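> My structure is stored as coords.cif, with mmCIF, C-alpha atoms and all ligand atoms.
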data_work
#
loop_
_atom_site.label_atom_id
_atom_site.label_comp_id
_atom_site.auth_asym_id
_atom_site.auth_seq_id
_atom_site.Cartn_x
_atom_site.Cartn_y
_atom_site.Cartn_z
CA MET A 1 10.56 -15.92 6.93
CA HIS A 2 10.87 -16.81 3.28
CA LEU A 3 8.80 -19.77 2.05
CA PRO A 4 9.88 -20.00 -1.60
CA PHE A 5 7.66 -22.71 -3.09
CA CYS A 6 4.87 -22.06 -5.63
CA GLU A 7 2.89 -24.58 -7.64
CA SER A 8 3.16 -22.65 -10.89
CA LEU A 9 5.19 -19.72 -12.17
CA CYS A 10 3.51 -16.37 -12.72
CA THR A 11 5.66 -15.08 -15.57
CA TYR A 12 5.92 -11.49 -14.28
CA CYS A 13 7.25 -12.63 -10.89
CA ALA A 14 10.48 -11.08 -9.65
CA CYS A 15 10.51 -12.91 -6.31
CA ASN A 16 12.84 -15.72 -5.25
CA THR A 17 10.77 -18.83 -5.96
CA ARG A 18 11.02 -22.56 -6.50
CA ILE A 19 8.27 -23.95 -8.69
CA THR A 20 7.12 -27.45 -7.79
CA ARG A 21 3.98 -29.48 -7.30
CA ASN A 22 5.83 -31.87 -5.06
CA HIS A 23 4.77 -31.13 -1.49
CA THR A 24 7.32 -33.49 0.07
CA VAL A 25 9.63 -30.44 0.02
CA GLU A 26 7.68 -28.89 2.92
CA ARG A 27 9.02 -30.99 5.81
CA PRO A 28 12.76 -30.76 5.07
CA TYR A 29 12.43 -27.04 4.46
CA ILE A 30 10.73 -26.50 7.83
CA LEU A 31 13.43 -28.56 9.53
CA SER A 32 16.11 -26.31 8.02
CA LEU A 33 14.21 -23.16 9.05
CA LEU A 34 13.94 -24.43 12.62
CA LYS A 35 17.61 -25.37 12.70
CA GLU A 36 18.51 -21.92 11.44
CA TRP A 37 16.32 -20.31 14.12
CA ARG A 38 17.93 -22.53 16.80
CA HIS A 39 21.33 -21.29 15.63
CA TYR A 40 20.24 -17.66 16.10
CA CYS A 41 18.74 -18.43 19.54
CA ASP A 42 22.07 -19.93 20.65
CA ILE A 43 23.82 -16.72 19.56
CA PHE A 44 21.30 -14.47 21.37
CA GLY A 45 22.00 -16.12 24.70
CA THR A 46 18.74 -14.79 26.15
CA ARG A 47 15.20 -15.51 24.96
CA PRO A 48 14.34 -13.17 22.09
CA LEU A 49 11.24 -10.99 22.23
CA ILE A 50 9.38 -11.20 18.93
CA ARG A 51 7.41 -8.16 17.92
CA GLU A 52 6.74 -8.81 14.25
CA LEU A 53 6.62 -11.97 12.25
CA HIS A 54 6.08 -12.02 8.49
CA LEU A 55 5.72 -15.03 6.21
CA GLY A 56 6.59 -14.12 2.64
CA GLY A 57 7.32 -16.01 -0.50
CA GLY A 58 7.00 -17.67 -2.82
CA THR A 59 3.69 -18.77 -1.50
CA PRO A 60 3.42 -19.35 2.26
CA THR A 61 0.02 -21.00 1.65
CA PHE A 62 1.78 -23.65 -0.48
CA PHE A 63 2.46 -25.30 2.91
CA THR A 64 -0.34 -27.28 4.56
CA PRO A 65 -2.02 -25.61 7.54
CA ASP A 66 -0.66 -28.40 9.77
CA ASN A 67 2.90 -27.80 8.62
CA LEU A 68 2.55 -24.06 9.15
CA ARG A 69 1.25 -24.75 12.68
CA TRP A 70 4.21 -27.00 13.41
CA LEU A 71 6.67 -24.39 12.07
CA ILE A 72 5.26 -21.40 13.97
CA GLN A 73 4.54 -23.24 17.22
CA THR A 74 8.07 -24.67 17.37
CA LEU A 75 9.61 -21.34 16.49
CA LEU A 76 7.68 -19.51 19.20
CA GLU A 77 8.66 -22.05 21.88
CA ASP A 78 12.07 -20.37 21.98
CA ALA A 79 10.79 -16.82 22.23
CA ASP A 80 8.65 -14.37 24.17
CA ILE A 81 6.00 -12.46 22.28
CA HIS A 82 5.61 -8.71 22.57
CA PRO A 83 2.15 -7.66 23.86
CA ASP A 84 1.80 -5.37 20.83
CA ARG A 85 2.81 -8.00 18.29
CA HIS A 86 1.96 -7.99 14.60
CA PHE A 87 2.08 -11.23 12.64
CA SER A 88 1.32 -11.17 8.93
CA PHE A 89 1.51 -13.35 5.86
CA GLU A 90 1.18 -13.27 2.08
CA GLY A 91 -1.66 -15.40 0.78
CA HIS A 92 -2.34 -16.50 -2.77
CA PRO A 93 -6.14 -16.26 -3.25
CA ASN A 94 -6.11 -19.41 -5.40
CA ASN A 95 -4.81 -21.63 -2.59
CA THR A 96 -5.48 -19.87 0.72
CA THR A 97 -8.03 -22.10 2.40
CA ILE A 98 -10.22 -21.32 5.36
CA GLU A 99 -8.02 -23.76 7.35
CA HIS A 100 -4.87 -21.76 6.51
CA LEU A 101 -6.55 -18.59 7.70
CA GLN A 102 -7.91 -20.23 10.84
CA VAL A 103 -4.67 -21.93 11.90
CA LEU A 104 -2.56 -18.82 11.35
CA HIS A 105 -5.09 -16.66 13.18
CA GLU A 106 -5.00 -19.04 16.17
CA LEU A 107 -1.22 -18.64 16.15
CA GLY A 108 -1.52 -14.84 16.41
CA PHE A 109 -1.60 -13.69 12.79
CA ASP A 110 -3.90 -10.71 12.27
CA ARG A 111 -2.72 -9.24 8.96
CA VAL A 112 -2.85 -10.81 5.54
CA SER A 113 -2.11 -9.49 2.06
CA PHE A 114 -3.48 -11.24 -1.01
CA GLY A 115 -1.70 -11.12 -4.36
CA VAL A 116 -4.27 -10.08 -6.94
CA GLN A 117 -2.12 -8.12 -9.46
CA ASP A 118 -4.85 -7.63 -12.09
CA LEU A 119 -8.38 -8.89 -12.65
CA ASP A 120 -8.50 -8.68 -16.45
CA LEU A 121 -8.56 -12.14 -18.06
CA ARG A 122 -6.28 -11.19 -20.97
CA VAL A 123 -3.66 -9.80 -18.57
CA GLN A 124 -4.05 -12.81 -16.27
CA GLN A 125 -3.49 -15.18 -19.20
CA ALA A 126 -0.39 -13.24 -20.30
CA ILE A 127 1.11 -13.43 -16.80
CA HIS A 128 0.10 -17.07 -16.37
CA ARG A 129 -2.02 -16.40 -13.33
CA VAL A 130 -5.68 -16.95 -13.99
CA GLN A 131 -7.44 -16.02 -10.82
CA PRO A 132 -11.18 -15.42 -10.83
CA LEU A 133 -12.62 -12.58 -8.78
CA GLU A 134 -14.69 -15.18 -6.90
CA ASN A 135 -11.51 -16.68 -5.37
CA VAL A 136 -10.37 -13.27 -4.19
CA LYS A 137 -13.80 -12.48 -2.74
CA GLU A 138 -13.91 -15.78 -0.91
CA ALA A 139 -10.41 -15.45 0.56
CA ILE A 140 -11.09 -11.89 1.74
CA GLY A 141 -14.51 -12.81 3.15
CA ASN A 142 -13.02 -15.74 5.07
CA ALA A 143 -10.21 -13.60 6.47
CA ARG A 144 -12.70 -10.98 7.67
CA ARG A 145 -15.07 -13.53 9.25
CA ILE A 146 -12.16 -15.14 11.11
CA GLY A 147 -11.12 -11.77 12.53
CA TYR A 148 -8.07 -10.53 10.59
CA LYS A 149 -7.62 -6.85 11.47
CA SER A 150 -5.93 -5.85 8.25
CA VAL A 151 -6.66 -7.42 4.88
CA GLY A 152 -4.58 -6.07 2.00
CA ILE A 153 -4.46 -6.52 -1.75
CA ASP A 154 -1.37 -6.34 -4.01
CA LEU A 155 -1.84 -4.90 -7.49
CA ILE A 156 0.71 -4.19 -10.21
CA TYR A 157 0.63 -1.53 -12.93
CA GLY A 158 2.70 -1.87 -16.09
CA LEU A 159 1.84 -5.53 -16.79
CA PRO A 160 1.52 -6.85 -20.37
CA HIS A 161 -1.73 -5.99 -22.16
CA GLN A 162 -2.98 -3.62 -19.47
CA THR A 163 -4.98 -0.71 -20.87
CA PRO A 164 -6.36 2.39 -19.13
CA PHE A 165 -9.75 0.66 -19.23
CA SER A 166 -8.53 -2.64 -17.73
CA VAL A 167 -6.60 -0.88 -14.93
CA SER A 168 -9.62 1.26 -14.13
CA ASP A 169 -11.89 -1.79 -14.15
CA THR A 170 -9.55 -3.81 -11.88
CA MET A 171 -9.39 -0.91 -9.46
CA ASP A 172 -13.20 -0.61 -9.35
CA GLN A 173 -13.56 -4.30 -8.54
CA VAL A 174 -10.88 -4.07 -5.85
CA LEU A 175 -12.47 -0.99 -4.30
CA ALA A 176 -15.78 -2.86 -4.06
CA LEU A 177 -13.98 -5.37 -1.79
CA ARG A 178 -12.83 -2.52 0.50
CA PRO A 179 -9.41 -3.93 1.51
CA ASP A 180 -7.76 -2.11 4.43
CA ARG A 181 -4.58 -1.65 2.42
CA VAL A 182 -3.66 -1.64 -1.24
CA ALA A 183 -0.10 -2.05 -2.48
CA PHE A 184 -0.02 -0.70 -6.03
CA TYR A 185 3.38 -1.77 -7.32
CA SER A 186 5.19 -0.60 -10.39
CA TYR A 187 5.96 -3.67 -12.51
CA ALA A 188 9.68 -4.44 -12.22
CA HIS A 189 10.89 -5.72 -15.60
CA VAL A 190 14.15 -7.59 -15.03
CA PRO A 191 14.23 -10.34 -17.72
CA TRP A 192 18.03 -10.72 -17.35
CA LEU A 193 17.33 -11.98 -13.81
CA LYS A 194 13.88 -13.51 -14.36
CA PRO A 195 13.69 -15.30 -17.74
CA GLY A 196 9.97 -16.01 -17.07
CA GLN A 197 9.40 -12.36 -18.02
CA ARG A 198 10.46 -13.30 -21.57
CA GLY A 199 7.12 -15.15 -21.75
CA TYR A 200 5.71 -12.02 -23.37
CA GLU A 201 7.10 -9.52 -25.84
CA ASN A 202 8.42 -6.09 -24.91
CA THR A 203 5.78 -4.73 -27.28
CA ASP A 204 3.07 -6.20 -25.00
CA LEU A 205 4.27 -3.87 -22.22
CA PRO A 206 3.01 -0.30 -21.87
CA SER A 207 5.32 2.61 -22.64
CA PRO A 208 6.70 4.47 -19.58
CA PHE A 209 4.24 7.24 -20.35
CA LEU A 210 1.26 4.89 -20.39
CA LYS A 211 2.53 3.09 -17.28
CA ARG A 212 2.64 6.40 -15.46
CA HIS A 213 -0.91 7.06 -16.64
CA PHE A 214 -2.02 3.70 -15.15
CA TYR A 215 -0.57 4.77 -11.82
CA GLU A 216 -2.46 8.06 -11.95
CA ILE A 217 -5.72 6.24 -12.77
CA GLY A 218 -5.27 3.89 -9.79
CA LYS A 219 -4.12 6.55 -7.38
CA HIS A 220 -6.98 8.86 -8.33
CA LYS A 221 -9.55 6.14 -7.72
CA LEU A 222 -7.99 5.10 -4.41
CA CYS A 223 -7.77 8.64 -3.10
CA ASN A 224 -11.35 9.38 -4.20
CA ASN A 225 -12.55 6.38 -2.25
CA GLY A 226 -11.09 7.15 1.15
CA TYR A 227 -7.58 5.71 0.81
CA SER A 228 -4.47 7.73 1.64
CA ASP A 229 -1.15 7.61 -0.09
CA ILE A 230 1.20 6.35 2.65
CA GLY A 231 4.42 6.41 0.66
CA MET A 232 6.01 4.40 -2.10
CA ASP A 233 3.26 2.26 -3.68
CA HIS A 234 1.12 1.94 -0.52
CA PHE A 235 -2.40 3.14 0.20
CA ALA A 236 -4.47 2.56 3.33
CA LEU A 237 -7.84 3.35 4.88
CA PRO A 238 -7.82 5.73 7.89
CA SER A 239 -8.81 2.81 10.17
CA ASP A 240 -5.68 0.82 9.24
CA GLU A 241 -2.63 0.80 11.53
CA LEU A 242 -0.36 1.74 8.62
CA PHE A 243 -2.32 4.95 8.08
CA LYS A 244 -2.27 5.73 11.83
CA ALA A 245 1.51 5.21 11.97
CA HIS A 246 1.89 7.46 8.92
CA VAL A 247 -0.09 10.25 10.59
CA ALA A 248 1.77 9.82 13.90
CA GLY A 249 5.13 9.96 12.07
CA ASN A 250 6.00 6.42 13.22
CA LEU A 251 6.10 4.75 9.85
CA HIS A 252 9.14 2.57 9.27
CA ARG A 253 10.43 0.65 6.29
CA ASN A 254 12.37 -2.58 6.05
CA PHE A 255 13.06 -5.10 3.30
CA MET A 256 9.45 -6.23 3.29
CA GLY A 257 8.06 -2.73 2.79
CA TYR A 258 6.37 -0.34 5.23
CA THR A 259 5.82 -1.40 8.84
CA THR A 260 4.20 0.17 11.86
CA THR A 261 7.06 -0.59 14.24
CA SER A 262 10.76 -0.11 14.08
CA THR A 263 12.50 -3.17 15.47
CA GLU A 264 16.13 -3.17 16.54
CA LEU A 265 16.91 -6.46 14.91
CA LEU A 266 15.38 -8.15 11.90
CA ILE A 267 16.20 -11.81 11.38
CA GLY A 268 15.54 -13.25 7.94
CA LEU A 269 15.10 -17.02 7.82
CA GLY A 270 15.03 -19.15 4.66
CA THR A 271 16.40 -18.91 1.14
CA SER A 272 17.57 -15.45 0.06
CA ALA A 273 16.29 -13.92 3.33
CA ILE A 274 17.98 -10.69 4.41
CA SER A 275 18.74 -9.85 8.05
CA ASP A 276 19.38 -6.37 9.38
CA SER A 277 21.21 -5.78 12.66
CA GLY A 278 21.04 -1.99 12.41
CA TYR A 279 24.72 -1.70 11.46
CA ALA A 280 24.97 -4.55 8.96
CA TYR A 281 22.98 -6.54 6.43
CA ALA A 282 23.34 -10.25 5.76
CA GLN A 283 21.75 -12.34 3.04
CA ASN A 284 21.19 -16.10 2.91
CA GLU A 285 21.96 -18.55 0.12
CA LYS A 286 19.45 -18.09 -2.69
CA THR A 287 18.75 -21.61 -3.91
CA VAL A 288 16.91 -24.21 -1.87
CA GLU A 289 19.75 -26.76 -2.31
CA HIS A 290 22.50 -24.36 -1.19
CA TYR A 291 20.35 -23.21 1.69
CA HIS A 292 19.80 -26.78 2.97
CA GLN A 293 23.49 -27.59 2.52
CA ALA A 294 24.67 -24.51 4.44
CA ILE A 295 22.20 -25.07 7.29
CA ALA A 296 23.20 -28.73 7.58
CA GLN A 297 26.89 -27.80 7.72
CA HIS A 298 26.94 -24.57 9.75
CA GLY A 299 23.44 -23.90 11.10
CA SER A 300 23.64 -20.61 9.21
CA ALA A 301 23.11 -19.91 5.51
CA VAL A 302 24.47 -16.35 5.43
CA THR A 303 26.46 -15.99 2.24
CA LYS A 304 27.03 -12.27 1.86
CA GLY A 305 26.65 -9.07 3.77
CA HIS A 306 27.41 -5.43 4.05
CA ILE A 307 28.67 -3.58 7.12
CA LEU A 308 27.44 -0.01 7.23
CA ALA A 309 30.67 1.99 7.05
CA GLY A 310 31.57 5.61 6.36
CA LYS A 311 28.41 7.53 5.60
CA ASP A 312 26.24 4.42 5.03
CA ALA A 313 24.25 4.85 8.24
CA LEU A 314 23.50 8.49 7.38
CA ILE A 315 22.48 7.56 3.84
CA ARG A 316 20.17 4.88 5.20
CA LYS A 317 18.65 7.36 7.65
CA SER A 318 18.09 9.94 4.93
CA ILE A 319 16.39 7.40 2.64
CA LEU A 320 14.18 6.26 5.53
CA GLN A 321 13.17 9.85 6.34
CA LEU A 322 12.33 10.60 2.72
CA SER A 323 10.39 7.40 2.12
CA CYS A 324 8.53 7.30 5.46
CA ARG A 325 7.95 11.02 6.17
CA GLY A 326 8.44 12.66 2.78
CA GLU A 327 11.00 14.94 4.42
CA LEU A 328 14.70 15.18 5.11
CA ASP A 329 15.99 17.24 8.02
CA LEU A 330 18.59 19.92 7.48
CA ARG A 331 21.32 18.41 9.67
CA LEU A 332 21.25 15.17 7.73
CA LEU A 333 21.15 17.02 4.42
CA GLN A 334 24.16 19.13 5.40
CA GLN A 335 26.12 16.02 6.37
CA LEU A 336 25.47 14.37 3.02
CA GLU A 337 25.22 17.16 0.47
CA THR A 338 27.80 17.22 -2.34
CA PRO A 339 27.83 19.45 -5.45
CA GLU A 340 26.29 16.53 -7.43
CA ILE A 341 23.49 16.09 -4.87
CA SER A 342 22.85 19.87 -4.87
CA LEU A 343 22.55 19.90 -8.65
CA ALA A 344 20.15 16.93 -8.71
CA LEU A 345 18.02 18.47 -5.95
CA HIS A 346 18.00 21.79 -7.76
CA GLN A 347 16.69 20.09 -10.92
CA MET A 348 14.02 18.27 -8.93
CA GLU A 349 13.00 21.52 -7.24
CA GLU A 350 12.66 23.17 -10.67
CA GLU A 351 10.42 20.28 -11.74
CA GLY A 352 8.23 20.82 -8.67
CA LEU A 353 9.07 17.47 -7.03
CA LEU A 354 10.39 18.97 -3.78
CA TYR A 355 11.20 22.25 -2.09
CA ARG A 356 13.96 23.34 0.25
CA THR A 357 13.39 25.30 3.45
CA ASP A 358 15.42 26.25 6.54
CA GLN A 359 14.35 22.89 7.97
CA GLY A 360 15.60 20.75 5.07
CA ILE A 361 13.69 19.16 2.18
CA THR A 362 9.99 18.45 1.74
CA ILE A 363 8.63 16.30 -1.06
CA THR A 364 5.64 17.87 -2.83
CA HIS A 365 2.41 16.21 -3.86
CA THR A 366 3.74 16.06 -7.43
CA GLY A 367 6.98 14.56 -6.17
CA HIS A 368 5.32 11.81 -4.12
CA PRO A 369 5.19 9.22 -6.93
CA PHE A 370 8.90 9.87 -7.54
CA ILE A 371 10.12 9.18 -3.97
CA ARG A 372 12.34 6.36 -5.29
CA ASN A 373 14.05 8.71 -7.71
CA ILE A 374 14.51 11.35 -5.00
CA CYS A 375 15.97 8.79 -2.55
CA SER A 376 18.37 7.54 -5.21
CA VAL A 377 20.05 10.96 -5.31
CA PHE A 378 21.44 10.19 -1.83
CA ASP A 379 22.52 6.65 -2.66
CA PRO A 380 26.12 6.62 -3.94
CA TYR A 381 25.94 2.87 -4.69
CA TYR A 382 23.02 3.42 -7.03
CA GLN A 383 24.67 6.46 -8.60
CA ALA A 384 27.93 4.54 -9.15
CA GLN A 385 26.33 1.65 -11.03
CA ASP A 386 27.42 0.98 -14.58
CA ARG A 387 24.50 2.40 -16.61
CA THR A 388 25.49 0.38 -19.67
CA GLU A 389 24.57 -2.78 -17.82
CA ALA A 390 21.08 -3.64 -16.63
CA THR A 391 21.27 -3.97 -12.84
CA PHE A 392 18.12 -2.52 -11.30
CA SER A 393 14.60 -2.26 -12.61
CA LYS A 394 13.45 1.22 -13.68
CA ALA A 395 11.64 3.27 -11.04
CA ILE A 396 8.97 4.00 -13.67
C1 LIG B 401 5.86 -12.97 -2.93
S1 LIG B 401 4.73 -12.18 -3.89
C2 LIG B 401 3.10 -12.63 -3.42
C3 LIG B 401 2.64 -13.74 -2.63
C4 LIG B 401 1.90 -14.84 -3.36
N1 LIG B 401 2.90 -15.73 -3.87
C5 LIG B 401 1.01 -14.39 -4.49
O1 LIG B 401 1.47 -14.40 -5.63
O2 LIG B 401 -0.14 -14.06 -4.25
C6 LIG B 401 4.61 -10.56 -3.25
C7 LIG B 401 4.13 -9.50 -4.22
O3 LIG B 401 5.22 -9.03 -4.99
C8 LIG B 401 4.70 -8.37 -6.13
N2 LIG B 401 5.54 -8.66 -7.30
C9 LIG B 401 6.03 -9.84 -7.71
N3 LIG B 401 6.74 -9.69 -8.86
C10 LIG B 401 6.69 -8.36 -9.18
C11 LIG B 401 7.23 -7.57 -10.24
N4 LIG B 401 7.94 -8.12 -11.23
N5 LIG B 401 7.00 -6.25 -10.22
C12 LIG B 401 6.27 -5.67 -9.23
N6 LIG B 401 5.74 -6.36 -8.20
C13 LIG B 401 5.94 -7.70 -8.18
C14 LIG B 401 3.28 -8.90 -6.35
O4 LIG B 401 2.35 -7.86 -6.20
C15 LIG B 401 3.14 -9.95 -5.27
O5 LIG B 401 1.84 -10.02 -4.78
S1 LIG B 402 3.68 -14.12 -7.88
FE1 LIG B 402 3.46 -15.36 -6.06
S2 LIG B 402 2.60 -17.35 -6.78
FE2 LIG B 402 3.34 -16.26 -8.58
S3 LIG B 402 5.40 -17.10 -8.90
FE3 LIG B 402 5.60 -15.18 -7.71
S4 LIG B 402 5.63 -15.79 -5.60
FE4 LIG B 402 4.84 -17.52 -6.80
#
Mind converting the file's structure to C-alpha cells?
Ligand SMILES: C[S@@+](CC[C@H](N)C(=O)[O-])C[C@H]1O[C@@H](n2cnc3c(N)ncnc32)[C@H](O)[C@@H]1O
Ligand code: SF4


Amino acid sequence: MHLPFCESLCTYCACNTRITRNHTVERPYILSLLKEWRHYCDIFGTRPLIRELHLGGGTPTFFTPDNLRWLIQTLLEDADIHPDRHFSFEGHPNNTTIEHLQVLHELGFDRVSFGVQDLDLRVQQAIHRVQPLENVKEAIGNARRIGYKSVGIDLIYGLPHQTPFSVSDTMDQVLALRPDRVAFYSYAHVPWLKPGQRGYENTDLPSPFLKRHFYEIGKHKLCNNGYSDIGMDHFALPSDELFKAHVAGNLHRNFMGYTTTSTELLIGLGTSAISDSGYAYAQNEKTVEHYHQAIAQHGSAVTKGHILAGKDALIRKSILQLSCRGELDLRLLQQLETPEISLALHQMEEEGLLYRTDQGITITHTGHPFIRNICSVFDPYYQAQDRTEATFSKAI
C-alpha cells in the first residue's frame, strides 16, 4: 500500500511522493484506498487470505496513528489473515512516534524499516534530511520495547559529499544499534525524473570508482560484524527471517524488495502502486489527483500494464533465480540462451563474476555486488533500450 505524502522533500529521493504539510489530505486518501480495496474484493468473489501487508511511501508515518488504525482495521474486515502473516512498514525516524509503533503493532505489524540514509551532518544537509542519531536511536528502541521482531535500517551509498571516512563512520554508528536488517542501497541518480536531485551539483557526487569503494567499506564492516549478504543490497543477522529464508532457499523478490514468502497474488493499492498477478503486471495512476479521479469514476486506478507473453515468464524466473539464489539452472539457461547472452556470460566469466557448470550458472563472491548487471543480460527490454537516452539509473 503506497502512502505518498511527506512533510518535506529529501532531495535525493527517487520515490513517488507528494510533499505537503497539510494533513487534511489523509482522510480522502484513505477513503480512496478503501474504495479501491472494495473493488478488488468484489472481483475476488471469495474472502481473500492476506499473508503479507506492507505500507510504503512516501512516509506512512505522515498519517496519524488513528488514521492508520482506521485504514488497516477497515481493510482487514474484508479479509482472512494467514496464521504465518508478516506485516511491515517504512518509518521515518523523525516522525515515527511511540503511538505509531504501538497502534501498528496491535494491528499485527512486526517488521519495520527506518530510513536513515547517512548520519554525517554535511551529507544530511546536502540531501535536505537532517536527522540526528538520537531520533534513530529512540525510534529503534521504541520498536524493540514494543516487540517488533525485525527492525531494519536503510542506508544509501553514493550520496553527495560522502567520503570513505563518513561512510565508515555512519556504518559504525549503525552497527552499534544492531538492526536485524540493513538495506545498503546504491544511490539512483535520475535527475531527469526527479528534479530535486538537481539540488546539488554532479561534482558533489562520488565517481563510480569511489562509490564502489563506499560499498566495499560498508559490506566489509557488515560482514565482519555478523551480517550476511542476502542478495542485491540486503544484509541480515542470522536470527532474522530474511537470513533464514536465504539459507533455506526460500527467498523471494517482488517490487518492494526481498521477501520471505512467495505469494500468488500481489495487490498494490494507492498512487503508482504495482500489482502482480503472476502472469501480468498493472500499475496505478501516479499523481494523487489522477488516482482520486480514477477511483471515484471506476473504483480502479490501473492505468498501464504488461501481460507476460512469449519468453517473459522464463525471463522473470531466471532473474528471480539469479537474484534470490545466486544461481540459474541449466534448463532455464538453455531455453533463454542466445549468441548475445553467451558472449556476455563469457565476458563475465572471464572477469570472475560467475562460472558455468553442468548444472547452469553460479554467481561468484566477486560477482555478488554485480547481480543487477548479470540479471540484465537476460532482460531483452533492458538490452533494447535506447542508450542515447537516460532511462534507468546506473547499476553502479
Ligand atoms: C519510501 S523511502 C523511505 C521511507 C521514509 N519515507 C523515509 O524516508 O524514511 C524507501 C527507501 O528508498 C531509498 N531511496 C529513496 N531514494 C533513493 C535513491 N535515489 N537511491 C537509492 N535509494 C533510494 C531510501 O533508502 C529510503 O529509505
Ligand atoms: S526519502 Fe522518504 S521522507 Fe524523504 S522524500 Fe523520499 S519518501 Fe519522503

> Kindly work out which residues sit at most 9 Å from ligand LIG 401 (chain B), using only C-alpha atoms and all ligand atoms, and give the list as a PyMOL selection string.

chain A and resi 2-6+10-17+56-62+89-94+113-117+129+153-159+183-190+194+197+393

> Measure the distance from atom CA of A:Glu350 to atom CA of A:Thr366 in Å and round it to one decimal.

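That distance, rounded to one decimal, is 11.9 Å.
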
> Which one is closest to ligand LIG 402 (chain B): A:Gln283, A:Gln131, A:Ser88, A:Asn67? Count all atoms listed in the file.

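Of the candidates, the smallest distance to ligand LIG 402 (chain B) is held by A:Gln131.
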
> Give me the residues near A:Leu354 as a ChimeraX atom specification, where near means some atom within 10 Å (using all atoms listed in the file) and where sequence neighbours in that chain fewer than 4 positions away do not count.

/A:326-327,345-350,361-368,370-371,374

> Excluding stretch 137-139 of chain A and its own-chain neighbours fewer than 5 positions away, which residues fall within 8 Å of it when counting all atoms listed in the file? Please give them as number ranges by chain.

A: 93, 96-98, 177

> Show which residues sit within 10 Å of A:His290, as an mmCIF file with C-alpha atoms, in the frame of the given file. Count all atoms listed in the file, and ignore same-chain residues fewer than 5 positions away.


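Resulting contents of selection.cif:
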data_model
loop_
_atom_site.group_PDB
_atom_site.id
_atom_site.type_symbol
_atom_site.label_atom_id
_atom_site.label_comp_id
_atom_site.auth_asym_id
_atom_site.auth_seq_id
_atom_site.Cartn_x
_atom_site.Cartn_y
_atom_site.Cartn_z
ATOM 1 C CA THR A 271 16.400 -18.910 1.140
ATOM 2 C CA ASN A 284 21.190 -16.100 2.910
ATOM 3 C CA GLU A 285 21.960 -18.550 0.120
ATOM 4 C CA ILE A 295 22.200 -25.070 7.290
ATOM 5 C CA ALA A 296 23.200 -28.730 7.580
ATOM 6 C CA ALA A 301 23.110 -19.910 5.510
ATOM 7 C CA THR A 303 26.460 -15.990 2.240
#

> Considering all atoms listed in the file, state which residue in the set A:Ile230, A:Leu33, A:Ile19, A:Ile217 is at the smallest distance from ligand LIG 402 (chain B).

A:Ile19

> Between A:Tyr227, A:Glu216, A:Gln124, A:Ala79, which has the minimum distance to ligand LIG 402 (chain B) (counting all atoms listed in the file)?

A:Gln124

> Have a look at A:Arg111, A:Pro65, A:Glu241, A:Gly257 and name the one nearest to A:Asn95; count only C-alpha atoms.

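Among the listed residues, the smallest separation from A:Asn95 belongs to A:Pro65.
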
> For the point (16.2, -19.6, 6.6) in file coordinates, what residues are within 10 Å, counting only C-alpha atoms? Give the answer as a PyMOL selection string?

chain A and resi 1-3+29-37+267-274+283-286+288+291-292+295+299-302

> Go ahead and save the picked residues with C-alpha atoms, as a PDB file, in the coordinates of the input.


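Wrote result-v3.pdb, looks like this:
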ATOM      1  CA  MET A   1      10.560 -15.920   6.930  1.00  0.00           C
ATOM      2  CA  HIS A   2      10.870 -16.810   3.280  1.00  0.00           C
ATOM      3  CA  LEU A   3       8.800 -19.770   2.050  1.00  0.00           C
ATOM      4  CA  TYR A  29      12.430 -27.040   4.460  1.00  0.00           C
ATOM      5  CA  ILE A  30      10.730 -26.500   7.830  1.00  0.00           C
ATOM      6  CA  LEU A  31      13.430 -28.560   9.530  1.00  0.00           C
ATOM      7  CA  SER A  32      16.110 -26.310   8.020  1.00  0.00           C
ATOM      8  CA  LEU A  33      14.210 -23.160   9.050  1.00  0.00           C
ATOM      9  CA  LEU A  34      13.940 -24.430  12.620  1.00  0.00           C
ATOM     10  CA  LYS A  35      17.610 -25.370  12.700  1.00  0.00           C
ATOM     11  CA  GLU A  36      18.510 -21.920  11.440  1.00  0.00           C
ATOM     12  CA  TRP A  37      16.320 -20.310  14.120  1.00  0.00           C
ATOM     13  CA  ILE A 267      16.200 -11.810  11.380  1.00  0.00           C
ATOM     14  CA  GLY A 268      15.540 -13.250   7.940  1.00  0.00           C
ATOM     15  CA  LEU A 269      15.100 -17.020   7.820  1.00  0.00           C
ATOM     16  CA  GLY A 270      15.030 -19.150   4.660  1.00  0.00           C
ATOM     17  CA  THR A 271      16.400 -18.910   1.140  1.00  0.00           C
ATOM     18  CA  SER A 272      17.570 -15.450   0.060  1.00  0.00           C
ATOM     19  CA  ALA A 273      16.290 -13.920   3.330  1.00  0.00           C
ATOM     20  CA  ILE A 274      17.980 -10.690   4.410  1.00  0.00           C
ATOM     21  CA  GLN A 283      21.750 -12.340   3.040  1.00  0.00           C
ATOM     22  CA  ASN A 284      21.190 -16.100   2.910  1.00  0.00           C
ATOM     23  CA  GLU A 285      21.960 -18.550   0.120  1.00  0.00           C
ATOM     24  CA  LYS A 286      19.450 -18.090  -2.690  1.00  0.00           C
ATOM     25  CA  VAL A 288      16.910 -24.210  -1.870  1.00  0.00           C
ATOM     26  CA  TYR A 291      20.350 -23.210   1.690  1.00  0.00           C
ATOM     27  CA  HIS A 292      19.800 -26.780   2.970  1.00  0.00           C
ATOM     28  CA  ILE A 295      22.200 -25.070   7.290  1.00  0.00           C
ATOM     29  CA  GLY A 299      23.440 -23.900  11.100  1.00  0.00           C
ATOM     30  CA  SER A 300      23.640 -20.610   9.210  1.00  0.00           C
ATOM     31  CA  ALA A 301      23.110 -19.910   5.510  1.00  0.00           C
ATOM     32  CA  VAL A 302      24.470 -16.350   5.430  1.00  0.00           C
TER      33      VAL A 302
END

> A:Lys244, A:Arg18, A:Arg69, A:Arg178: which is nearest ligand LIG 402 (chain B), counting all atoms listed in the file?

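Between A:Lys244, A:Arg18, A:Arg69, A:Arg178, the residue approaching ligand LIG 402 (chain B) most closely is A:Arg18.
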
> In Å, with one decimal, what is the gap from atom CA of A:Gly152 to atom CA of A:Leu320?

22.7 Å

> My list of candidates is A:Leu222, A:Leu328, A:Val130, A:Ala294. Which is closest to ligand LIG 402 (chain B) when distances are computed with all atoms listed in the file?

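Closest residue, counting all atoms listed in the file: A:Val130.
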
> Could you please determine the separation between atom CA of A:Asp276 and atom CA of A:Arg253 in Å, to one decimal place?

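Between atom CA of A:Asp276 and atom CA of A:Arg253 the gap works out to 11.8 Å.
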